[in-house]
Amino acid sequence: MGEWRPSACILCECNCGVEILVGPSGSFDKIRGDRLHPASRGYTCNKALRLDRYQNGRAERLTRPLRRRPDGTFEEISWESAIGEVAARLGALPGESIFYYGGGGQGNHLGGSYATATMKAFGARYRSSALAQEKTGEFWVSARMLGAPTRSDVEHCEVAVFVGKNPYQSHGFPRARTVLKEIGRDPARSMIVIDPVRTETAELADFHLQVRPGTDVYLLTAMAAVLVQEELVDEDWLAEHADGLSEVRRTLSAVPVSRYCATAGVEEDLVRAASRRIASAASVAVTEDLGVQMNRDSTVVSYLQRLLWLLTGNLGRQGTQYAFSNLAPIARDRGHKVGEGPVSPVAGAKIISGLVPCNVIAEEILTEHPARYRAMLVESANPAHSLADSPAMRSALEALDLLVVIDVAMTETARLADYVLPAPTQFEKWEATFFTFDFPRNIFHLRRPVVDPPDGPLPEPEIHARLVEASGALPPEVVEPLREAAARGRAAFAEAFLNTLGARPELARLAPVLLYRTLGPTLPGGAAAAAVLWSAAHGFVQENPAGVKRAGYGEGLEAGERLFDAIVSSPHGLVTTDDVQEETWRRLKGRRIQLHVPELLAEVAGLADRPEPAGDREWPFVLSAGERRAFTANTIIRDPDWRGRDTGGALRIAVSDAERLGVTAGDRAMLTTRRGSVEVVVEPTDRMRPGHISLPNGFGVDHLDPEAGRVVTGIAPNELTSGQDRDAYAGTPWHKHVPARLVALAEPR
Ligand SMILES: Nc1nc2c(c(=O)[nH]1)N[C@H]1C(S)=C(S)[C@@H](COP(=O)(O)OP(=O)(O)OC[C@H]3O[C@@H](n4cnc5c(=O)[nH]c(N)nc54)[C@H](O)[C@@H]3O)O[C@H]1N2
Ligand SMILES: Nc1nc2c(c(=O)[nH]1)N[C@H]1C(S)=C(S)[C@@H](COP(=O)(O)OP(=O)(O)OC[C@H]3O[C@@H](n4cnc5c(=O)[nH]c(N)nc54)[C@H](O)[C@@H]3O)O[C@H]1N2
Ligand code: SF4
Ligand SMILES: [Mo]
């Protein structure tokens, strides 16, 4: 009989606490929700139970550093050679030409938090991650309107609104299915879902606004206009908290609501009823996601979505939106106006939250421009698969002087690398995510290894430390005294560390590695990777003194130490802040809400002059490329056997369209977009609107089969998408809106 060990599911941002029964050979024999986890409280969805396929599945696990030979095959090399050669080749390039991508998927941000040191050591300035193809538009709008990011309190709201989000499958907040069912059951509460598909979430909704794909900007403009035109705006609240109501009112008063509802394909009565329901509720929580973020007008839609809840005064109360504490901020934007702030060196694309838009990366490499990126360090990401236009991405990665990939498995991206550096899996090392946005009690969960790592891989913090050391940026005369101070105790270390950074501020960005090498070895149970959390904990206490105190850690420096020690010694996770509602206003720093964002309000006004979105004879379908389903999890699990159903990743299509094409379930068809053609298997369903088709995300990756060799399952969606199809502001892709056509391949019956 094995032992139950606490950890977390790594398949979506919720990171539900789990307990794993580990067999003698390291197999995950049973997995159950961890009741002691402060956010998930025993909840998991169907996916967590299959995590053995991540740990022990048929992916091509990486165990040794690899170097690519000229013929494209790989040879195993020692860590000494790998680190020495990578550092020498990075060191020979101008720092601005070194691009860092990734830093953590859905379960692992601890390793990536050491990458700032590596970037600094080699002078790298530009970076990106998956966030810059989904959330950057939202970050920017939030910065412009509120000055801080917010999340929505779905659990306690009277009315929940989901815009282009299917939380029944994708989650995104704790215990999602339970919470959704509670709202669905309660006659006093309502759910509004804006989605062209009758999703599992839409089925629980009171109002399903089954919008025509890609026309959310009209629908949300109409909804905001109903609030203004029917005088449902919370005037008193806005007078107290917000500026810009008169400009917004002027624009929205002129909106032809009926016409926009017709354009969006939703009954006007239903739109009006949903808007009134928002206005009459004591609390409204609105969440947007990829259905609009990876779609036309995404940044304008992020703005309109916020107008709905701001015009009705839904901020800073239970069940509305809140600003959260953040132990390790994932991203925060300064909200520079269009034409101001940093841009990418070649395409001149707006950099939001420090991230270059993913859709311009290939362009920034495939050019003769002197400022092009020449080297890329990819960590815990698979951009050859996950970014728009995979063929162009592959060409770009091949055109680099140097590509280094840190991963656990041989991936589509790793296969193109000059060096592949193997890391232990997330169950073989100390790990954590920084996706903790709960309120009023926010949490953190530092996970311990549940199985021993194989001989060979090195944890990411160790890889970064070695690269930084090989760069020569971290002289031993800085490290040694700090190591000695750490051996004397935490107080001595704190003083020495602050003195060192005070005397040499240029070392600040190397701090993660410096902490890892000095404080790290003193941490219990081999928790060196947690060292970076020490400074994070102190910063967190300074930012959130009241919440930290309420959570029982006391005040000041002592609270920082107590919180850090608690993090290291809480294998089930812990509460970091216990907030009151006023904290939201404090985090907005007393700044007034800006309803009027001139660039975006002008877009709303300009809708009236746009030509009606028309059908296209050449491309009669709209393809959503990358839907979340019951068994998808980005490309974290490569072994297809983990899927309980929809194992091939079928193309979903409306029943009427399937009949017209003469295809039934399981038939093959040829799907073509401007970018490429693939053969798909169709699944007719009454969930889809006619003209709309969808493919799941996370498919089209390969695994090693003992007999058949390398086998690819399903369609890689980005063989069909284009880098040019992107938002004018944030550069985020239109993956949910790809013009397509479909031809039956099966014999018609
Ligand atoms: N099962 C599972 N869960 C996941 C993940 C996973 O891979 N699998 N990935 C995680 C990650 S990284 C993310 S970012 C989240 C994403 O989570 P979601 O955004 O919820 O997931 P999607 O299914 O990509 O898109 C959401 C919805 O957008 C709808 N949509 C398509 N076109 C339009 C449109 O024109 N307008 C509107 N309003 N809606 C439209 C789709 O029908 C779909 O229901 O999920 C996370 N959770
Ligand atoms: N067309 C289309 N494209 C999309 C989407 C879509 O809806 N449609 N969704 C997009 C979204 S929202 C996202 S978030 C991205 C996700 O795409 P990516 O950001 O590329 O992330 P993943 O696919 O999750 O890949 C994570 C990688 O981390 C590796 N890994 C797992 N554990 C570890 C570890 O402990 N250490 C290291 N170093 N590596 C590890 C895995 O093997 C895998 O290669 O995809 C995006 N791409
Ligand atoms: S996939 Fe997400 S919601 Fe499901 S168990 Fe894992 S972390 Fe929890
Ligand atoms: Mo994502």
# chains A, B, ... in the order shown; residues from 1 in each chain; ligands from 1
$ residues_near_ligand --ligand "ligand 4" --cutoff "9 Å" --atoms "only C-alpha atoms and all ligand atoms" --output "PDB file with all heavy atoms, in the first residue's frame"
ATOM      1  N   CYS A  12      -5.318  23.170 -15.087  1.00  0.00           N
ATOM      2  CA  CYS A  12      -5.880  24.498 -15.386  1.00  0.00           C
ATOM      3  C   CYS A  12      -5.520  25.433 -14.257  1.00  0.00           C
ATOM      4  O   CYS A  12      -4.988  25.022 -13.237  1.00  0.00           O
ATOM      5  CB  CYS A  12      -7.375  24.455 -15.688  1.00  0.00           C
ATOM      6  SG  CYS A  12      -8.478  24.604 -14.269  1.00  0.00           S
ATOM      7  N   GLU A  13      -5.833  26.708 -14.456  1.00  0.00           N
ATOM      8  CA  GLU A  13      -5.345  27.733 -13.526  1.00  0.00           C
ATOM      9  C   GLU A  13      -5.892  27.588 -12.114  1.00  0.00           C
ATOM     10  O   GLU A  13      -5.399  28.226 -11.192  1.00  0.00           O
ATOM     11  CB  GLU A  13      -5.680  29.120 -14.060  1.00  0.00           C
ATOM     12  CG  GLU A  13      -7.189  29.389 -14.083  1.00  0.00           C
ATOM     13  CD  GLU A  13      -7.515  30.848 -14.369  1.00  0.00           C
ATOM     14  OE1 GLU A  13      -7.437  31.227 -15.536  1.00  0.00           O
ATOM     15  OE2 GLU A  13      -7.829  31.588 -13.434  1.00  0.00           O
ATOM     16  N   GLY A 105       3.245  27.000 -17.257  1.00  0.00           N
ATOM     17  CA  GLY A 105       1.978  26.704 -17.907  1.00  0.00           C
ATOM     18  C   GLY A 105       0.866  26.946 -16.911  1.00  0.00           C
ATOM     19  O   GLY A 105       0.728  28.036 -16.354  1.00  0.00           O
ATOM     20  N   GLN A 106       0.072  25.918 -16.664  1.00  0.00           N
ATOM     21  CA  GLN A 106      -1.056  26.059 -15.747  1.00  0.00           C
ATOM     22  C   GLN A 106      -0.696  25.627 -14.330  1.00  0.00           C
ATOM     23  O   GLN A 106      -1.513  25.781 -13.428  1.00  0.00           O
ATOM     24  CB  GLN A 106      -2.232  25.213 -16.249  1.00  0.00           C
ATOM     25  CG  GLN A 106      -2.651  25.541 -17.671  1.00  0.00           C
ATOM     26  CD  GLN A 106      -3.205  26.942 -17.800  1.00  0.00           C
ATOM     27  OE1 GLN A 106      -4.185  27.280 -17.166  1.00  0.00           O
ATOM     28  NE2 GLN A 106      -2.568  27.766 -18.604  1.00  0.00           N
ATOM     29  N   ALA A 130       2.086  33.037 -23.038  1.00  0.00           N
ATOM     30  CA  ALA A 130       0.736  32.816 -23.557  1.00  0.00           C
ATOM     31  C   ALA A 130      -0.215  33.947 -23.182  1.00  0.00           C
ATOM     32  O   ALA A 130      -1.202  34.193 -23.881  1.00  0.00           O
ATOM     33  CB  ALA A 130       0.195  31.483 -23.047  1.00  0.00           C
ATOM     34  N   LEU A 131       0.055  34.653 -22.095  1.00  0.00           N
ATOM     35  CA  LEU A 131      -0.844  35.742 -21.693  1.00  0.00           C
ATOM     36  C   LEU A 131      -0.985  36.793 -22.788  1.00  0.00           C
ATOM     37  O   LEU A 131      -2.018  37.456 -22.884  1.00  0.00           O
ATOM     38  CB  LEU A 131      -0.310  36.414 -20.420  1.00  0.00           C
ATOM     39  CG  LEU A 131      -0.406  35.592 -19.141  1.00  0.00           C
ATOM     40  CD1 LEU A 131       0.355  36.290 -18.023  1.00  0.00           C
ATOM     41  CD2 LEU A 131      -1.851  35.369 -18.756  1.00  0.00           C
ATOM     42  N   GLN A 133      -1.456  36.368 -25.813  1.00  0.00           N
ATOM     43  CA  GLN A 133      -2.387  36.009 -26.879  1.00  0.00           C
ATOM     44  C   GLN A 133      -3.759  35.730 -26.291  1.00  0.00           C
ATOM     45  O   GLN A 133      -4.581  35.065 -26.886  1.00  0.00           O
ATOM     46  CB  GLN A 133      -1.854  34.861 -27.742  1.00  0.00           C
ATOM     47  CG  GLN A 133      -1.146  33.756 -26.985  1.00  0.00           C
ATOM     48  CD  GLN A 133      -2.061  32.644 -26.589  1.00  0.00           C
ATOM     49  OE1 GLN A 133      -2.430  31.877 -27.456  1.00  0.00           O
ATOM     50  NE2 GLN A 133      -2.418  32.574 -25.332  1.00  0.00           N
ATOM     51  N   GLU A 134      -3.988  36.256 -25.072  1.00  0.00           N
ATOM     52  CA  GLU A 134      -5.333  36.145 -24.512  1.00  0.00           C
ATOM     53  C   GLU A 134      -5.660  37.344 -23.623  1.00  0.00           C
ATOM     54  O   GLU A 134      -6.600  38.071 -23.884  1.00  0.00           O
ATOM     55  CB  GLU A 134      -5.504  34.813 -23.754  1.00  0.00           C
ATOM     56  CG  GLU A 134      -4.326  34.451 -22.858  1.00  0.00           C
ATOM     57  CD  GLU A 134      -4.565  33.212 -21.997  1.00  0.00           C
ATOM     58  OE1 GLU A 134      -5.719  32.958 -21.615  1.00  0.00           O
ATOM     59  OE2 GLU A 134      -3.594  32.517 -21.669  1.00  0.00           O
ATOM     60  N   LYS A 135      -4.859  37.583 -22.582  1.00  0.00           N
ATOM     61  CA  LYS A 135      -5.291  38.506 -21.539  1.00  0.00           C
ATOM     62  C   LYS A 135      -4.750  39.935 -21.653  1.00  0.00           C
ATOM     63  O   LYS A 135      -5.171  40.802 -20.883  1.00  0.00           O
ATOM     64  CB  LYS A 135      -4.869  37.952 -20.165  1.00  0.00           C
ATOM     65  CG  LYS A 135      -5.453  36.585 -19.852  1.00  0.00           C
ATOM     66  CD  LYS A 135      -6.899  36.667 -19.431  1.00  0.00           C
ATOM     67  CE  LYS A 135      -7.536  35.314 -19.250  1.00  0.00           C
ATOM     68  NZ  LYS A 135      -7.916  34.624 -20.491  1.00  0.00           N
ATOM     69  N   LEU A 290     -11.759  33.558 -23.556  1.00  0.00           N
ATOM     70  CA  LEU A 290     -11.196  33.469 -24.900  1.00  0.00           C
ATOM     71  C   LEU A 290     -12.203  33.670 -26.030  1.00  0.00           C
ATOM     72  O   LEU A 290     -11.830  34.112 -27.106  1.00  0.00           O
ATOM     73  CB  LEU A 290     -10.513  32.115 -25.101  1.00  0.00           C
ATOM     74  CG  LEU A 290      -9.389  31.772 -24.125  1.00  0.00           C
ATOM     75  CD1 LEU A 290      -8.719  30.469 -24.565  1.00  0.00           C
ATOM     76  CD2 LEU A 290      -8.361  32.885 -24.031  1.00  0.00           C
ATOM     77  N   ASN A 634      -4.550  22.145 -22.750  1.00  0.00           N
ATOM     78  CA  ASN A 634      -3.440  22.673 -23.544  1.00  0.00           C
ATOM     79  C   ASN A 634      -2.603  21.498 -24.042  1.00  0.00           C
ATOM     80  O   ASN A 634      -3.162  20.500 -24.481  1.00  0.00           O
ATOM     81  CB  ASN A 634      -2.637  23.700 -22.735  1.00  0.00           C
ATOM     82  CG  ASN A 634      -3.459  24.967 -22.493  1.00  0.00           C
ATOM     83  OD1 ASN A 634      -4.507  25.144 -23.101  1.00  0.00           O
ATOM     84  ND2 ASN A 634      -3.003  25.833 -21.635  1.00  0.00           N
TER      85      ASN A 634
END
$ select_by_dssp --residues "region 500-670 of chain A" --states "strand (DSSP E)" --output "NGL selection string"
:A and (574-578 or 593-594 or 621-627 or 651-654 or 668-670)
$ residues_near_ligand --ligand "ligand 1" --cutoff "6 Å" --atoms "only C-alpha atoms and all ligand atoms" --output "ChimeraX atom specification"
/A:12,163-167,169-171,194-197,199,213-214,216,289-292,624,626-634,736
$ closest_atom_pairs --of "chain A" --to "ligand 2" --cutoff "7 Å" --atoms "only C-alpha atoms and all ligand atoms" --output "Markdown table"
| residue | atom | partner | partner_atom_place_in_ligand_line | distance |
| --- | --- | --- | --- | --- |
| A:Gly102 | CA | ligand 2 | 19 (O) | 6.3 |
| A:Gly104 | CA | ligand 2 | 28 (O) | 6.8 |
| A:Gly105 | CA | ligand 2 | 24 (O) | 4.8 |
| A:Gln106 | CA | ligand 2 | 24 (O) | 6.4 |
| A:Asn108 | CA | ligand 2 | 35 (O) | 6.1 |
| A:Ser129 | CA | ligand 2 | 19 (O) | 6.4 |
| A:Ala130 | CA | ligand 2 | 19 (O) | 4.6 |
| A:Leu131 | CA | ligand 2 | 14 (S) | 6.6 |
| A:Gln133 | CA | ligand 2 | 10 (C) | 6.8 |
| A:Glu134 | CA | ligand 2 | 12 (S) | 5.8 |
| A:Leu290 | CA | ligand 2 | 7 (O) | 6.8 |
| A:Glu379 | CA | ligand 2 | 38 (N) | 5.1 |
| A:Ser380 | CA | ligand 2 | 39 (N) | 3.4 |
| A:Ala381 | CA | ligand 2 | 20 (O) | 3.7 |
| A:Asn382 | CA | ligand 2 | 20 (O) | 3.5 |
| A:Pro383 | CA | ligand 2 | 20 (O) | 4.8 |
| A:His385 | CA | ligand 2 | 20 (O) | 6.7 |
| A:Ser386 | CA | ligand 2 | 47 (N) | 3.8 |
| A:Leu387 | CA | ligand 2 | 47 (N) | 5.4 |
| A:Ala388 | CA | ligand 2 | 1 (N) | 6.3 |
| A:Ile406 | CA | ligand 2 | 38 (N) | 4.7 |
| A:Asp407 | CA | ligand 2 | 38 (N) | 3.6 |
| A:Val408 | CA | ligand 2 | 39 (N) | 5.0 |
| A:Ala409 | CA | ligand 2 | 42 (O) | 5.0 |
| A:Thr411 | CA | ligand 2 | 44 (O) | 5.7 |
| A:Ala423 | CA | ligand 2 | 36 (N) | 5.5 |
| A:Pro424 | CA | ligand 2 | 35 (O) | 6.0 |
| A:Thr425 | CA | ligand 2 | 35 (O) | 4.4 |
| A:Gln426 | CA | ligand 2 | 35 (O) | 4.3 |
| A:Glu460 | CA | ligand 2 | 38 (N) | 6.7 |
| A:Ala625 | CA | ligand 2 | 1 (N) | 4.8 |
| A:Gly626 | CA | ligand 2 | 8 (N) | 3.6 |
| A:Glu627 | CA | ligand 2 | 7 (O) | 5.8 |
| A:Asn634 | CA | ligand 2 | 23 (O) | 4.2 |
| A:Thr635 | CA | ligand 2 | 23 (O) | 3.7 |
| A:Ile636 | CA | ligand 2 | 41 (C) | 4.6 |
| A:Asn697 | CA | ligand 2 | 7 (O) | 5.6 |
| A:Gly698 | CA | ligand 2 | 23 (O) | 6.6 |
| A:Pro717 | CA | ligand 2 | 1 (N) | 4.7 |
| A:Asn718 | CA | ligand 2 | 1 (N) | 4.8 |
| A:Thr721 | CA | ligand 2 | 1 (N) | 6.6 |
| A:His735 | CA | ligand 2 | 1 (N) | 5.0 |
| A:Lys736 | CA | ligand 2 | 8 (N) | 7.0 |
$ write_last_selection --atoms "N, CA and C atoms" --output "short mmCIF file (atom, residue, chain, number, x, y, z; two decimals), in the first residue's frame"
data_model
loop_
_atom_site.label_atom_id
_atom_site.label_comp_id
_atom_site.auth_asym_id
_atom_site.auth_seq_id
_atom_site.Cartn_x
_atom_site.Cartn_y
_atom_site.Cartn_z
N GLY A 102 7.67 32.13 -22.31
CA GLY A 102 7.06 31.12 -21.44
C GLY A 102 7.28 31.44 -19.97
N GLY A 104 6.07 29.13 -17.51
CA GLY A 104 5.11 28.40 -16.67
C GLY A 104 3.83 28.18 -17.44
N GLY A 105 3.25 27.00 -17.26
CA GLY A 105 1.98 26.70 -17.91
C GLY A 105 0.87 26.95 -16.91
N GLN A 106 0.07 25.92 -16.66
CA GLN A 106 -1.06 26.06 -15.75
C GLN A 106 -0.70 25.63 -14.33
N ASN A 108 2.95 25.63 -13.07
CA ASN A 108 4.34 25.84 -12.66
C ASN A 108 4.85 27.22 -12.99
N SER A 129 4.70 35.53 -23.22
CA SER A 129 4.15 34.26 -22.75
C SER A 129 2.74 34.16 -23.32
N ALA A 130 2.09 33.04 -23.04
CA ALA A 130 0.74 32.82 -23.56
C ALA A 130 -0.22 33.95 -23.18
N LEU A 131 0.05 34.65 -22.10
CA LEU A 131 -0.84 35.74 -21.69
C LEU A 131 -0.98 36.79 -22.79
N GLN A 133 -1.46 36.37 -25.81
CA GLN A 133 -2.39 36.01 -26.88
C GLN A 133 -3.76 35.73 -26.29
N GLU A 134 -3.99 36.26 -25.07
CA GLU A 134 -5.33 36.14 -24.51
C GLU A 134 -5.66 37.34 -23.62
N LEU A 290 -11.76 33.56 -23.56
CA LEU A 290 -11.20 33.47 -24.90
C LEU A 290 -12.20 33.67 -26.03
N GLU A 379 10.73 28.31 -22.12
CA GLU A 379 10.65 27.54 -20.89
C GLU A 379 9.19 27.18 -20.63
N SER A 380 8.92 25.88 -20.54
CA SER A 380 7.59 25.42 -20.18
C SER A 380 6.51 26.00 -21.08
N ALA A 381 6.74 25.95 -22.36
CA ALA A 381 5.75 26.39 -23.34
C ALA A 381 6.07 25.70 -24.65
N ASN A 382 5.08 25.70 -25.52
CA ASN A 382 5.21 24.97 -26.77
C ASN A 382 4.77 25.87 -27.93
N PRO A 383 5.50 27.00 -28.13
CA PRO A 383 5.02 27.99 -29.10
C PRO A 383 4.92 27.48 -30.53
N HIS A 385 3.50 25.02 -31.37
CA HIS A 385 2.16 24.47 -31.44
C HIS A 385 1.10 25.48 -31.01
N SER A 386 1.41 26.31 -30.02
CA SER A 386 0.35 27.11 -29.40
C SER A 386 0.18 28.49 -30.00
N LEU A 387 1.13 28.98 -30.79
CA LEU A 387 0.99 30.32 -31.35
C LEU A 387 0.44 30.26 -32.77
N ALA A 388 -0.16 31.38 -33.19
CA ALA A 388 -0.79 31.46 -34.50
C ALA A 388 0.19 31.04 -35.59
N ILE A 406 13.57 24.52 -22.44
CA ILE A 406 13.53 23.82 -21.14
C ILE A 406 12.16 23.17 -21.02
N ASP A 407 12.10 21.85 -20.95
CA ASP A 407 10.81 21.17 -20.90
C ASP A 407 11.00 19.82 -20.21
N VAL A 408 9.87 19.14 -20.00
CA VAL A 408 9.94 17.79 -19.45
C VAL A 408 9.87 16.74 -20.56
N ALA A 409 9.32 17.15 -21.71
CA ALA A 409 9.07 16.18 -22.78
C ALA A 409 9.57 16.74 -24.10
N THR A 411 8.93 18.07 -27.44
CA THR A 411 7.73 18.72 -27.96
C THR A 411 7.98 19.20 -29.38
N ALA A 423 13.85 19.12 -17.48
CA ALA A 423 13.46 19.48 -16.11
C ALA A 423 12.67 18.32 -15.51
N PRO A 424 12.68 18.20 -14.19
CA PRO A 424 11.81 17.22 -13.53
C PRO A 424 10.34 17.61 -13.73
N THR A 425 9.45 16.66 -13.65
CA THR A 425 8.03 16.99 -13.78
C THR A 425 7.57 17.76 -12.54
N GLN A 426 6.33 18.26 -12.62
CA GLN A 426 5.81 19.06 -11.52
C GLN A 426 5.50 18.22 -10.28
N GLU A 460 14.26 23.93 -12.82
CA GLU A 460 14.48 25.19 -13.52
C GLU A 460 15.31 26.19 -12.71
N ALA A 625 -11.05 27.85 -33.44
CA ALA A 625 -9.93 26.92 -33.42
C ALA A 625 -9.34 26.86 -32.03
N GLY A 626 -9.78 25.89 -31.24
CA GLY A 626 -9.17 25.72 -29.93
C GLY A 626 -10.14 25.76 -28.76
N GLU A 627 -11.25 25.03 -28.86
CA GLU A 627 -12.24 25.02 -27.79
C GLU A 627 -11.79 24.14 -26.61
N ASN A 634 -4.55 22.14 -22.75
CA ASN A 634 -3.44 22.67 -23.54
C ASN A 634 -2.60 21.50 -24.04
N THR A 635 -1.26 21.58 -23.98
CA THR A 635 -0.49 20.41 -24.40
C THR A 635 0.29 19.83 -23.23
N ILE A 636 -0.34 19.89 -22.06
CA ILE A 636 0.37 19.45 -20.85
C ILE A 636 0.49 17.93 -20.81
N ASN A 697 -8.81 22.53 -28.49
CA ASN A 697 -7.39 22.90 -28.38
C ASN A 697 -6.61 21.72 -27.80
N GLY A 698 -5.32 21.80 -27.85
CA GLY A 698 -4.46 20.80 -27.21
C GLY A 698 -4.25 19.53 -28.02
N PRO A 717 -4.55 23.14 -33.97
CA PRO A 717 -5.39 24.22 -34.50
C PRO A 717 -4.59 25.31 -35.22
N ASN A 718 -3.35 25.53 -34.79
CA ASN A 718 -2.65 26.66 -35.38
C ASN A 718 -2.01 26.38 -36.73
N THR A 721 -4.43 28.86 -38.49
CA THR A 721 -4.63 30.27 -38.10
C THR A 721 -3.53 31.15 -38.68
N HIS A 735 -8.30 33.60 -32.94
CA HIS A 735 -8.38 32.14 -33.08
C HIS A 735 -9.81 31.61 -33.05
N LYS A 736 -10.72 32.36 -32.41
CA LYS A 736 -12.10 31.87 -32.34
C LYS A 736 -12.89 32.29 -33.56
#
$ closest_atom_pairs --of "chain A" --to "ligand 3" --cutoff "8 Å" --atoms "only C-alpha atoms and all ligand atoms" --output "Markdown table"
| residue | atom | partner | partner_atom_place_in_ligand_line | distance |
| --- | --- | --- | --- | --- |
| A:Ala8 | CA | ligand 3 | 7 (S) | 7.1 |
| A:Cys9 | CA | ligand 3 | 6 (Fe) | 4.4 |
| A:Ile10 | CA | ligand 3 | 7 (S) | 5.8 |
| A:Leu11 | CA | ligand 3 | 1 (S) | 4.5 |
| A:Cys12 | CA | ligand 3 | 2 (Fe) | 4.0 |
| A:Glu13 | CA | ligand 3 | 7 (S) | 6.1 |
| A:Cys14 | CA | ligand 3 | 7 (S) | 4.4 |
| A:Asn15 | CA | ligand 3 | 7 (S) | 3.7 |
| A:Cys16 | CA | ligand 3 | 8 (Fe) | 4.1 |
| A:Gly17 | CA | ligand 3 | 8 (Fe) | 7.5 |
| A:Val18 | CA | ligand 3 | 5 (S) | 8.0 |
| A:Gly33 | CA | ligand 3 | 5 (S) | 7.9 |
| A:Ser40 | CA | ligand 3 | 8 (Fe) | 7.5 |
| A:Tyr43 | CA | ligand 3 | 8 (Fe) | 7.1 |
| A:Thr44 | CA | ligand 3 | 5 (S) | 3.9 |
| A:Cys45 | CA | ligand 3 | 4 (Fe) | 4.0 |
| A:Asn46 | CA | ligand 3 | 4 (Fe) | 6.3 |
| A:Lys47 | CA | ligand 3 | 1 (S) | 5.2 |
| A:Ala48 | CA | ligand 3 | 5 (S) | 4.3 |
| A:Leu49 | CA | ligand 3 | 5 (S) | 7.6 |
| A:Ser170 | CA | ligand 3 | 2 (Fe) | 7.3 |
| A:His171 | CA | ligand 3 | 3 (S) | 5.5 |
| A:Gly172 | CA | ligand 3 | 3 (S) | 7.5 |
| A:Pro174 | CA | ligand 3 | 3 (S) | 7.2 |
| A:Arg175 | CA | ligand 3 | 3 (S) | 6.8 |
| A:Ala176 | CA | ligand 3 | 3 (S) | 7.2 |
| A:Ala633 | CA | ligand 3 | 1 (S) | 7.4 |
$ residues_around --residues "Val271 (chain A)" --least-positions-apart "2" --cutoff "10 Å" --atoms "only C-alpha atoms" --output "PyMOL selection string"
chain A and resi 207-209+219-220+222-223+226+257-258+261+266-269+273-277
$ closest_residue --among "A:Arg35, A:Leu327, A:Leu704, A:Ala254" --to "Gly560 (chain A)" --atoms "only C-alpha atoms"
A:Leu327
$ residues_around --residues "Glu583 (chain A)" --least-positions-apart "2" --cutoff "12 Å" --atoms "only C-alpha atoms" --output "JSON, numbers by chain"
{"A": [150, 315, 316, 317, 318, 321, 322, 323, 324, 325, 439, 440, 441, 543, 544, 545, 546, 547, 548, 577, 578, 579, 580, 581, 585, 586, 587, 588, 589, 590]}
$ closest_residue --among "A:Pro422, A:Trp642, A:Glu19, A:Ala605" --to "Arg64 (chain A)" --atoms "only C-alpha atoms"
A:Pro422
$ closest_residue --among "A:Val161, A:Ala132, A:Leu93, A:Leu607" --to "Leu308 (chain A)" --atoms "only C-alpha atoms"
A:Val161
$ residues_around --residues "Ser302 (chain A)" --least-positions-apart "5" --cutoff "9 Å" --atoms "only C-alpha atoms" --output "number ranges by chain"
A: 137-138, 141-142, 288, 292-293, 297, 307
